[in-house]
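What follows is the content of work_36.cif (mmCIF, C-alpha atoms).
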```cif
data_final
#
loop_
_atom_site.group_PDB
_atom_site.id
_atom_site.type_symbol
_atom_site.label_atom_id
_atom_site.label_comp_id
_atom_site.auth_asym_id
_atom_site.auth_seq_id
_atom_site.Cartn_x
_atom_site.Cartn_y
_atom_site.Cartn_z
ATOM 1 C CA ARG A 1 -8.577 23.699 -26.656
ATOM 2 C CA ARG A 2 -11.903 24.075 -25.032
ATOM 3 C CA SER A 3 -12.162 23.732 -21.279
ATOM 4 C CA SER A 4 -14.707 20.932 -21.712
ATOM 5 C CA ASP A 5 -12.008 18.902 -23.510
ATOM 6 C CA LEU A 6 -9.560 19.425 -20.656
ATOM 7 C CA VAL A 7 -11.876 18.042 -17.986
ATOM 8 C CA LYS A 8 -13.289 15.208 -20.074
ATOM 9 C CA GLY A 9 -11.576 12.432 -18.093
ATOM 10 C CA ILE A 10 -11.888 14.063 -14.693
ATOM 11 C CA ARG A 11 -14.513 12.812 -12.296
ATOM 12 C CA PRO A 12 -17.405 15.121 -11.551
ATOM 13 C CA PRO A 13 -16.758 17.595 -8.741
ATOM 14 C CA ILE A 14 -17.921 16.817 -5.254
ATOM 15 C CA LEU A 15 -21.191 18.626 -4.869
ATOM 16 C CA ASN A 16 -22.010 20.819 -1.926
ATOM 17 C CA GLY A 17 -24.278 18.565 -0.023
ATOM 18 C CA PRO A 18 -24.283 15.808 2.512
ATOM 19 C CA MET A 19 -21.697 13.095 2.139
ATOM 20 C CA PRO A 20 -22.809 9.558 2.889
ATOM 21 C CA ALA A 21 -23.062 9.044 6.640
ATOM 22 C CA ARG A 22 -20.356 6.380 6.544
ATOM 23 C CA PRO A 23 -18.235 6.555 3.399
ATOM 24 C CA LEU A 24 -16.575 3.350 2.246
ATOM 25 C CA VAL A 25 -12.789 3.220 2.657
ATOM 26 C CA ALA A 26 -10.911 0.197 1.314
ATOM 27 C CA LEU A 27 -7.701 -1.327 2.636
ATOM 28 C CA LEU A 28 -6.681 -2.825 -0.700
ATOM 29 C CA ASP A 29 -3.741 -5.114 0.037
ATOM 30 C CA GLY A 30 -3.314 -5.319 3.769
ATOM 31 C CA ARG A 31 -4.425 -7.666 6.486
ATOM 32 C CA ASP A 32 -3.546 -5.533 9.459
ATOM 33 C CA CYS A 33 -5.376 -2.291 10.071
ATOM 34 C CA THR A 34 -4.758 -2.000 13.817
ATOM 35 C CA VAL A 35 -3.552 1.590 13.564
ATOM 36 C CA GLU A 36 -6.145 2.832 11.082
ATOM 37 C CA MET A 37 -9.223 1.037 12.433
ATOM 38 C CA PRO A 38 -9.542 2.905 15.767
ATOM 39 C CA ILE A 39 -9.347 6.177 13.826
ATOM 40 C CA LEU A 40 -11.763 5.242 11.030
ATOM 41 C CA LYS A 41 -14.299 3.064 12.859
ATOM 42 C CA ASP A 42 -16.546 5.953 13.904
ATOM 43 C CA VAL A 43 -16.465 7.866 10.619
ATOM 44 C CA ALA A 44 -16.264 5.293 7.820
ATOM 45 C CA THR A 45 -16.992 1.728 6.819
ATOM 46 C CA VAL A 46 -13.707 -0.088 6.187
ATOM 47 C CA ALA A 47 -13.472 -2.895 3.634
ATOM 48 C CA PHE A 48 -10.520 -5.292 3.986
ATOM 49 C CA CYS A 49 -9.736 -6.542 0.486
ATOM 50 C CA ASP A 50 -6.366 -8.330 0.937
ATOM 51 C CA ALA A 51 -6.036 -8.274 -2.863
ATOM 52 C CA GLN A 52 -3.098 -8.856 -5.184
ATOM 53 C CA SER A 53 -4.919 -7.167 -8.091
ATOM 54 C CA THR A 54 -8.124 -5.231 -8.730
ATOM 55 C CA GLN A 55 -9.678 -8.416 -10.133
ATOM 56 C CA GLU A 56 -9.864 -9.687 -6.548
ATOM 57 C CA ILE A 57 -11.691 -6.594 -5.251
ATOM 58 C CA HIS A 58 -15.459 -6.873 -4.730
ATOM 59 C CA GLU A 59 -17.682 -4.899 -7.113
ATOM 60 C CA LYS A 60 -19.246 -2.957 -4.214
ATOM 61 C CA VAL A 61 -15.801 -1.640 -3.244
ATOM 62 C CA LEU A 62 -14.992 -0.721 -6.851
ATOM 63 C CA SER A 63 -18.250 1.197 -7.215
ATOM 64 C CA GLU A 64 -18.548 2.858 -3.777
ATOM 65 C CA ALA A 65 -15.110 3.339 -2.170
ATOM 66 C CA VAL A 66 -14.192 7.026 -1.845
ATOM 67 C CA GLY A 67 -10.804 6.315 -0.263
ATOM 68 C CA ALA A 68 -8.230 3.560 -0.558
ATOM 69 C CA LEU A 69 -5.364 2.643 1.736
ATOM 70 C CA MET A 70 -2.644 0.454 0.262
ATOM 71 C CA TYR A 71 0.739 -1.012 1.057
ATOM 72 C CA HIS A 72 3.119 -2.294 -1.622
ATOM 73 C CA THR A 73 1.593 -5.581 -2.766
ATOM 74 C CA ILE A 74 -0.942 -4.250 -5.255
ATOM 75 C CA SER A 75 -0.228 -1.988 -8.240
ATOM 76 C CA LEU A 76 -2.731 0.437 -9.715
ATOM 77 C CA SER A 77 -2.433 1.201 -13.429
ATOM 78 C CA ARG A 78 -4.745 3.531 -15.331
ATOM 79 C CA GLU A 79 -6.927 0.549 -16.224
ATOM 80 C CA ASP A 80 -7.166 -0.388 -12.536
ATOM 81 C CA LEU A 81 -7.917 3.184 -11.448
ATOM 82 C CA GLU A 82 -10.738 3.459 -13.988
ATOM 83 C CA LYS A 83 -12.491 0.502 -12.313
ATOM 84 C CA PHE A 84 -13.070 2.614 -9.196
ATOM 85 C CA LYS A 85 -16.165 4.736 -9.804
ATOM 86 C CA ALA A 86 -16.208 6.966 -6.684
ATOM 87 C CA LEU A 87 -12.551 6.992 -5.611
ATOM 88 C CA ARG A 88 -11.250 10.431 -4.527
ATOM 89 C CA ILE A 89 -8.031 9.633 -2.658
ATOM 90 C CA ILE A 90 -5.395 6.907 -2.427
ATOM 91 C CA ILE A 91 -3.146 6.781 0.625
ATOM 92 C CA ARG A 92 0.034 4.749 0.140
ATOM 93 C CA ILE A 93 1.083 3.436 3.546
ATOM 94 C CA GLY A 94 4.866 3.644 3.362
ATOM 95 C CA SER A 95 7.411 5.626 1.420
ATOM 96 C CA GLY A 96 7.152 6.063 -2.320
ATOM 97 C CA TYR A 97 4.270 5.470 -4.639
ATOM 98 C CA ASP A 98 5.848 3.724 -7.595
ATOM 99 C CA ASN A 99 3.037 1.155 -7.600
ATOM 100 C CA ILE A 100 0.453 3.819 -8.513
ATOM 101 C CA ASP A 101 0.077 5.492 -11.905
ATOM 102 C CA ILE A 102 0.129 9.009 -10.456
ATOM 103 C CA LYS A 103 -0.337 10.805 -13.771
ATOM 104 C CA SER A 104 -3.464 8.809 -14.567
ATOM 105 C CA ALA A 105 -4.756 9.279 -11.026
ATOM 106 C CA ALA A 106 -4.396 13.052 -11.404
ATOM 107 C CA GLU A 107 -6.158 12.965 -14.768
ATOM 108 C CA LEU A 108 -9.014 11.023 -13.159
ATOM 109 C CA GLY A 109 -9.289 13.471 -10.259
ATOM 110 C CA ILE A 110 -7.890 11.066 -7.665
ATOM 111 C CA ALA A 111 -5.494 12.536 -5.107
ATOM 112 C CA VAL A 112 -2.488 10.396 -4.132
ATOM 113 C CA CYS A 113 -0.408 10.779 -0.986
ATOM 114 C CA ASN A 114 1.921 8.621 1.043
ATOM 115 C CA ILE A 115 2.950 8.133 4.652
ATOM 116 C CA PRO A 116 6.736 7.771 4.510
ATOM 117 C CA SER A 117 7.196 7.498 8.262
ATOM 118 C CA SER A 118 4.783 4.593 8.721
ATOM 119 C CA SER A 119 7.470 1.904 8.992
ATOM 120 C CA VAL A 120 10.472 3.769 10.397
ATOM 121 C CA GLU A 121 10.742 1.622 13.527
ATOM 122 C CA GLU A 122 10.455 -1.638 11.571
ATOM 123 C CA THR A 123 13.116 -0.465 9.111
ATOM 124 C CA ALA A 124 15.478 0.453 11.942
ATOM 125 C CA ASP A 125 14.918 -2.946 13.628
ATOM 126 C CA SER A 126 15.602 -4.815 10.376
ATOM 127 C CA THR A 127 18.732 -2.785 9.693
ATOM 128 C CA LEU A 128 20.157 -3.555 13.144
ATOM 129 C CA CYS A 129 19.346 -7.255 12.715
ATOM 130 C CA HIS A 130 21.213 -7.340 9.394
ATOM 131 C CA ILE A 131 24.207 -5.532 10.894
ATOM 132 C CA LEU A 132 24.363 -8.018 13.791
ATOM 133 C CA ASN A 133 23.959 -10.926 11.374
ATOM 134 C CA LEU A 134 26.933 -9.702 9.331
ATOM 135 C CA TYR A 135 29.068 -8.856 12.361
ATOM 136 C CA ARG A 136 28.454 -12.180 14.098
ATOM 137 C CA ARG A 137 28.432 -14.157 10.809
ATOM 138 C CA VAL A 138 25.258 -15.998 11.862
ATOM 139 C CA THR A 139 24.183 -16.948 8.335
ATOM 140 C CA TRP A 140 27.661 -18.167 7.353
ATOM 141 C CA LEU A 141 28.033 -20.208 10.549
ATOM 142 C CA HIS A 142 24.558 -21.698 10.130
ATOM 143 C CA GLN A 143 25.334 -22.773 6.571
ATOM 144 C CA ALA A 144 28.659 -24.314 7.613
ATOM 145 C CA MET A 145 26.941 -26.256 10.392
ATOM 146 C CA ARG A 146 24.243 -27.561 8.013
ATOM 147 C CA GLU A 147 26.919 -28.753 5.591
ATOM 148 C CA GLY A 148 28.718 -30.577 8.410
ATOM 149 C CA ASN A 149 31.774 -28.342 8.218
ATOM 150 C CA ARG A 150 33.581 -27.196 11.258
ATOM 151 C CA ALA A 151 32.874 -23.538 11.785
ATOM 152 C CA ASP A 152 35.857 -21.634 13.025
ATOM 153 C CA ARG A 153 34.962 -18.161 14.242
ATOM 154 C CA LYS A 154 38.516 -16.856 13.662
ATOM 155 C CA SER A 155 38.633 -17.492 9.907
#
```
For this file, write the structure as structure tokens.
Amino acid sequence: RRSSDLVKGIRPPILNGPMPARPLVALLDGRDCTVEMPILKDVATVAFCDAQSTQEIHEKVLSEAVGALMYHTISLSREDLEKFKALRIIIRIGSGYDNIDIKSAAELGIAVCNIPSSSVEETADSTLCHILNLYRRVTWLHQAMREGNRADRKS
């Protein structure tokens, strides 16, 4: 195989030269960017897409975004990734990246990373709430009360 065949689908390399003064970074499927915004506000323009699919993303974002932040709501297949013309990196906020076609991203020259520790505190809070719910039988007692049954805590 010729080397030109191997790099056929890969985006052109980033040239040595000035990058746009404020690159476009897209938050694809989130509404809350309170952590990221103070960090990015001075170095990039942030587009809030709040999208469920790439069909809902504005054409300017698809053509100019060099970075994308995403949670778990949106999925990016090869077809979706090909819509982004300047994308260089995808950051998955949270653990895992099963909603991104990683192989296709690599073939297109798009780096993918995740932030597994982004929701550790929320996960711990939810886990403790579920444990207390089970221990105190809150859901069971609530259902019994709604049905008009006498709820006996000993049974």
Item checked: Of the listed residues A:Ser126, A:Thr45, A:Asn114, A:Asn149, that which approaches Met70 (chain A) most closely, counting all atoms listed in the file ->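 Using all atoms listed in the file, Met70 (chain A) sits closest to A:Asn114.
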Margin query: Can you pull out the residues contacting region 25-33 of chain A? Cut-off 9 Å, using all atoms listed in the file, and skip same-chain residues under 5 positions away; I want them as a list of chain:residue names.
Written below: A:Pro38, A:Leu40, A:Ala44, A:Thr45, A:Val46, A:Ala47, A:Phe48, A:Cys49, A:Asp50, A:Ala51, A:Gln52, A:Ser53, A:Thr54, A:Ile57, A:Val61, A:Glu64, A:Ala65, A:Val66, A:Gly67, A:Ala68, A:Leu69, A:Met70, A:Tyr71, A:His72, A:Thr73, A:Ile74
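Each of A:Ile131, A:Val43, A:Val120, A:Leu24 was compared to Arg88 (chain A) using only C-alpha atoms, and A:Leu24 turns out to be the nearest.
Take the candidates A:Ala144, A:Leu134, A:Ile100, A:Ile93 and check each one against Ser117 (chain A) using all atoms listed in the file; the shortest distance goes to A:Ile93.
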Notebook entry, point to check: Which residue out of A:Asp98, A:Ser77, A:Lys60, A:Ile91 has the minimum interatomic distance to Glu36 (chain A) when only C-alpha atoms are used?
Noted result: A:Ile91
Check: Between CA of Ala21 (chain A) and CA of Ile39 (chain A), what is the distance, to one decimal in Å?
Finding: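 The value is 15.7 Å.
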Margin query: Using all atoms listed in the file, can you tell me which of A:Gln55, A:Pro23, A:Met145, A:Thr123 comes closest to Ser95 (chain A)?
Written below: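 Among the listed residues, A:Thr123 lies closest to Ser95 (chain A).
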Axis-aligned box for region 60-68 of chain A, 3 Å per side, centre and edges in Å as lines of an AutoDock Vina configuration file:
```
center_x = -13.7
center_y = 2.0
center_z = -3.7
size_x = 17.0
size_y = 16.0
size_z = 13.0
```
Notebook entry, point to check: Between CA of Leu81 (chain A) and CA of Glu59 (chain A), what is the spacing in Å?
Noted result: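 Result for CA of Glu59 (chain A) versus CA of Leu81 (chain A): 13.4 Å, one decimal.
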Check: Mind pulling up the distance from CA of Glu121 (chain A) to CA of Ser75 (chain A)?
Finding: 24.6 Å
Notebook entry, point to check: Of the candidates A:Cys113, A:Leu108, A:Ala124, A:Leu132, which one gets nearest to Glu79 (chain A) if we count only C-alpha atoms?
Noted result: A:Leu108
Got a minute to add N, CA and C atoms to region 99-130 of chain A and dump it as a PDB file, in the coordinates of the input?
```pdb
ATOM      1  N   ASN A  99       4.021   2.157  -7.199  1.00  0.00           N
ATOM      2  CA  ASN A  99       3.037   1.155  -7.600  1.00  0.00           C
ATOM      3  C   ASN A  99       1.684   1.788  -7.949  1.00  0.00           C
ATOM      4  N   ILE A 100       1.668   3.103  -8.128  1.00  0.00           N
ATOM      5  CA  ILE A 100       0.453   3.819  -8.513  1.00  0.00           C
ATOM      6  C   ILE A 100       0.768   4.682  -9.732  1.00  0.00           C
ATOM      7  N   ASP A 101      -0.076   4.623 -10.743  1.00  0.00           N
ATOM      8  CA  ASP A 101       0.077   5.492 -11.905  1.00  0.00           C
ATOM      9  C   ASP A 101      -0.429   6.879 -11.507  1.00  0.00           C
ATOM     10  N   ILE A 102       0.482   7.702 -11.012  1.00  0.00           N
ATOM     11  CA  ILE A 102       0.129   9.009 -10.456  1.00  0.00           C
ATOM     12  C   ILE A 102      -0.440   9.948 -11.518  1.00  0.00           C
ATOM     13  N   LYS A 103       0.141   9.924 -12.692  1.00  0.00           N
ATOM     14  CA  LYS A 103      -0.337  10.805 -13.771  1.00  0.00           C
ATOM     15  C   LYS A 103      -1.786  10.480 -14.119  1.00  0.00           C
ATOM     16  N   SER A 104      -2.085   9.204 -14.261  1.00  0.00           N
ATOM     17  CA  SER A 104      -3.464   8.809 -14.567  1.00  0.00           C
ATOM     18  C   SER A 104      -4.402   9.141 -13.415  1.00  0.00           C
ATOM     19  N   ALA A 105      -3.932   8.943 -12.191  1.00  0.00           N
ATOM     20  CA  ALA A 105      -4.756   9.279 -11.026  1.00  0.00           C
ATOM     21  C   ALA A 105      -5.115  10.760 -11.050  1.00  0.00           C
ATOM     22  N   ALA A 106      -4.137  11.613 -11.339  1.00  0.00           N
ATOM     23  CA  ALA A 106      -4.396  13.052 -11.404  1.00  0.00           C
ATOM     24  C   ALA A 106      -5.392  13.373 -12.511  1.00  0.00           C
ATOM     25  N   GLU A 107      -5.228  12.732 -13.656  1.00  0.00           N
ATOM     26  CA  GLU A 107      -6.158  12.965 -14.768  1.00  0.00           C
ATOM     27  C   GLU A 107      -7.575  12.526 -14.431  1.00  0.00           C
ATOM     28  N   LEU A 108      -7.699  11.524 -13.564  1.00  0.00           N
ATOM     29  CA  LEU A 108      -9.014  11.023 -13.159  1.00  0.00           C
ATOM     30  C   LEU A 108      -9.576  11.750 -11.934  1.00  0.00           C
ATOM     31  N   GLY A 109      -8.819  12.715 -11.413  1.00  0.00           N
ATOM     32  CA  GLY A 109      -9.289  13.471 -10.259  1.00  0.00           C
ATOM     33  C   GLY A 109      -9.112  12.745  -8.941  1.00  0.00           C
ATOM     34  N   ILE A 110      -8.158  11.837  -8.884  1.00  0.00           N
ATOM     35  CA  ILE A 110      -7.890  11.066  -7.665  1.00  0.00           C
ATOM     36  C   ILE A 110      -6.592  11.588  -7.042  1.00  0.00           C
ATOM     37  N   ALA A 111      -6.681  12.061  -5.820  1.00  0.00           N
ATOM     38  CA  ALA A 111      -5.494  12.536  -5.107  1.00  0.00           C
ATOM     39  C   ALA A 111      -4.697  11.337  -4.606  1.00  0.00           C
ATOM     40  N   VAL A 112      -3.367  11.467  -4.611  1.00  0.00           N
ATOM     41  CA  VAL A 112      -2.488  10.396  -4.132  1.00  0.00           C
ATOM     42  C   VAL A 112      -1.522  10.998  -3.119  1.00  0.00           C
ATOM     43  N   CYS A 113      -1.390  10.346  -1.976  1.00  0.00           N
ATOM     44  CA  CYS A 113      -0.408  10.779  -0.986  1.00  0.00           C
ATOM     45  C   CYS A 113       0.208   9.548  -0.345  1.00  0.00           C
ATOM     46  N   ASN A 114       1.286   9.747   0.370  1.00  0.00           N
ATOM     47  CA  ASN A 114       1.921   8.621   1.043  1.00  0.00           C
ATOM     48  C   ASN A 114       2.238   8.975   2.492  1.00  0.00           C
ATOM     49  N   ILE A 115       2.598   7.961   3.243  1.00  0.00           N
ATOM     50  CA  ILE A 115       2.950   8.133   4.652  1.00  0.00           C
ATOM     51  C   ILE A 115       4.346   7.547   4.831  1.00  0.00           C
ATOM     52  N   PRO A 116       5.381   8.322   4.505  1.00  0.00           N
ATOM     53  CA  PRO A 116       6.736   7.771   4.510  1.00  0.00           C
ATOM     54  C   PRO A 116       7.250   7.331   5.876  1.00  0.00           C
ATOM     55  N   SER A 117       6.694   7.850   6.930  1.00  0.00           N
ATOM     56  CA  SER A 117       7.196   7.498   8.262  1.00  0.00           C
ATOM     57  C   SER A 117       6.460   6.317   8.887  1.00  0.00           C
ATOM     58  N   SER A 118       5.616   5.644   8.118  1.00  0.00           N
ATOM     59  CA  SER A 118       4.783   4.593   8.721  1.00  0.00           C
ATOM     60  C   SER A 118       5.571   3.375   9.176  1.00  0.00           C
ATOM     61  N   SER A 119       6.737   3.110   8.604  1.00  0.00           N
ATOM     62  CA  SER A 119       7.470   1.904   8.992  1.00  0.00           C
ATOM     63  C   SER A 119       8.907   2.210   9.415  1.00  0.00           C
ATOM     64  N   VAL A 120       9.125   3.370   9.988  1.00  0.00           N
ATOM     65  CA  VAL A 120      10.472   3.769  10.397  1.00  0.00           C
ATOM     66  C   VAL A 120      11.039   2.822  11.455  1.00  0.00           C
ATOM     67  N   GLU A 121      10.255   2.500  12.456  1.00  0.00           N
ATOM     68  CA  GLU A 121      10.742   1.622  13.527  1.00  0.00           C
ATOM     69  C   GLU A 121      11.075   0.229  12.998  1.00  0.00           C
ATOM     70  N   GLU A 122      10.209  -0.318  12.142  1.00  0.00           N
ATOM     71  CA  GLU A 122      10.455  -1.638  11.571  1.00  0.00           C
ATOM     72  C   GLU A 122      11.711  -1.644  10.709  1.00  0.00           C
ATOM     73  N   THR A 123      11.918  -0.576   9.946  1.00  0.00           N
ATOM     74  CA  THR A 123      13.116  -0.465   9.111  1.00  0.00           C
ATOM     75  C   THR A 123      14.370  -0.407   9.965  1.00  0.00           C
ATOM     76  N   ALA A 124      14.330   0.361  11.041  1.00  0.00           N
ATOM     77  CA  ALA A 124      15.478   0.453  11.942  1.00  0.00           C
ATOM     78  C   ALA A 124      15.773  -0.909  12.586  1.00  0.00           C
ATOM     79  N   ASP A 125      14.732  -1.616  13.041  1.00  0.00           N
ATOM     80  CA  ASP A 125      14.918  -2.946  13.628  1.00  0.00           C
ATOM     81  C   ASP A 125      15.561  -3.909  12.636  1.00  0.00           C
ATOM     82  N   SER A 126      15.064  -3.922  11.407  1.00  0.00           N
ATOM     83  CA  SER A 126      15.602  -4.815  10.376  1.00  0.00           C
ATOM     84  C   SER A 126      17.050  -4.485  10.061  1.00  0.00           C
ATOM     85  N   THR A 127      17.363  -3.206   9.983  1.00  0.00           N
ATOM     86  CA  THR A 127      18.732  -2.785   9.693  1.00  0.00           C
ATOM     87  C   THR A 127      19.690  -3.265  10.778  1.00  0.00           C
ATOM     88  N   LEU A 128      19.304  -3.091  12.042  1.00  0.00           N
ATOM     89  CA  LEU A 128      20.157  -3.555  13.144  1.00  0.00           C
ATOM     90  C   LEU A 128      20.310  -5.080  13.128  1.00  0.00           C
ATOM     91  N   CYS A 129      19.255  -5.790  12.804  1.00  0.00           N
ATOM     92  CA  CYS A 129      19.346  -7.255  12.715  1.00  0.00           C
ATOM     93  C   CYS A 129      20.327  -7.677  11.634  1.00  0.00           C
ATOM     94  N   HIS A 130      20.281  -7.010  10.475  1.00  0.00           N
ATOM     95  CA  HIS A 130      21.213  -7.340   9.394  1.00  0.00           C
ATOM     96  C   HIS A 130      22.657  -7.010   9.777  1.00  0.00           C
TER      97      HIS A 130
END
```
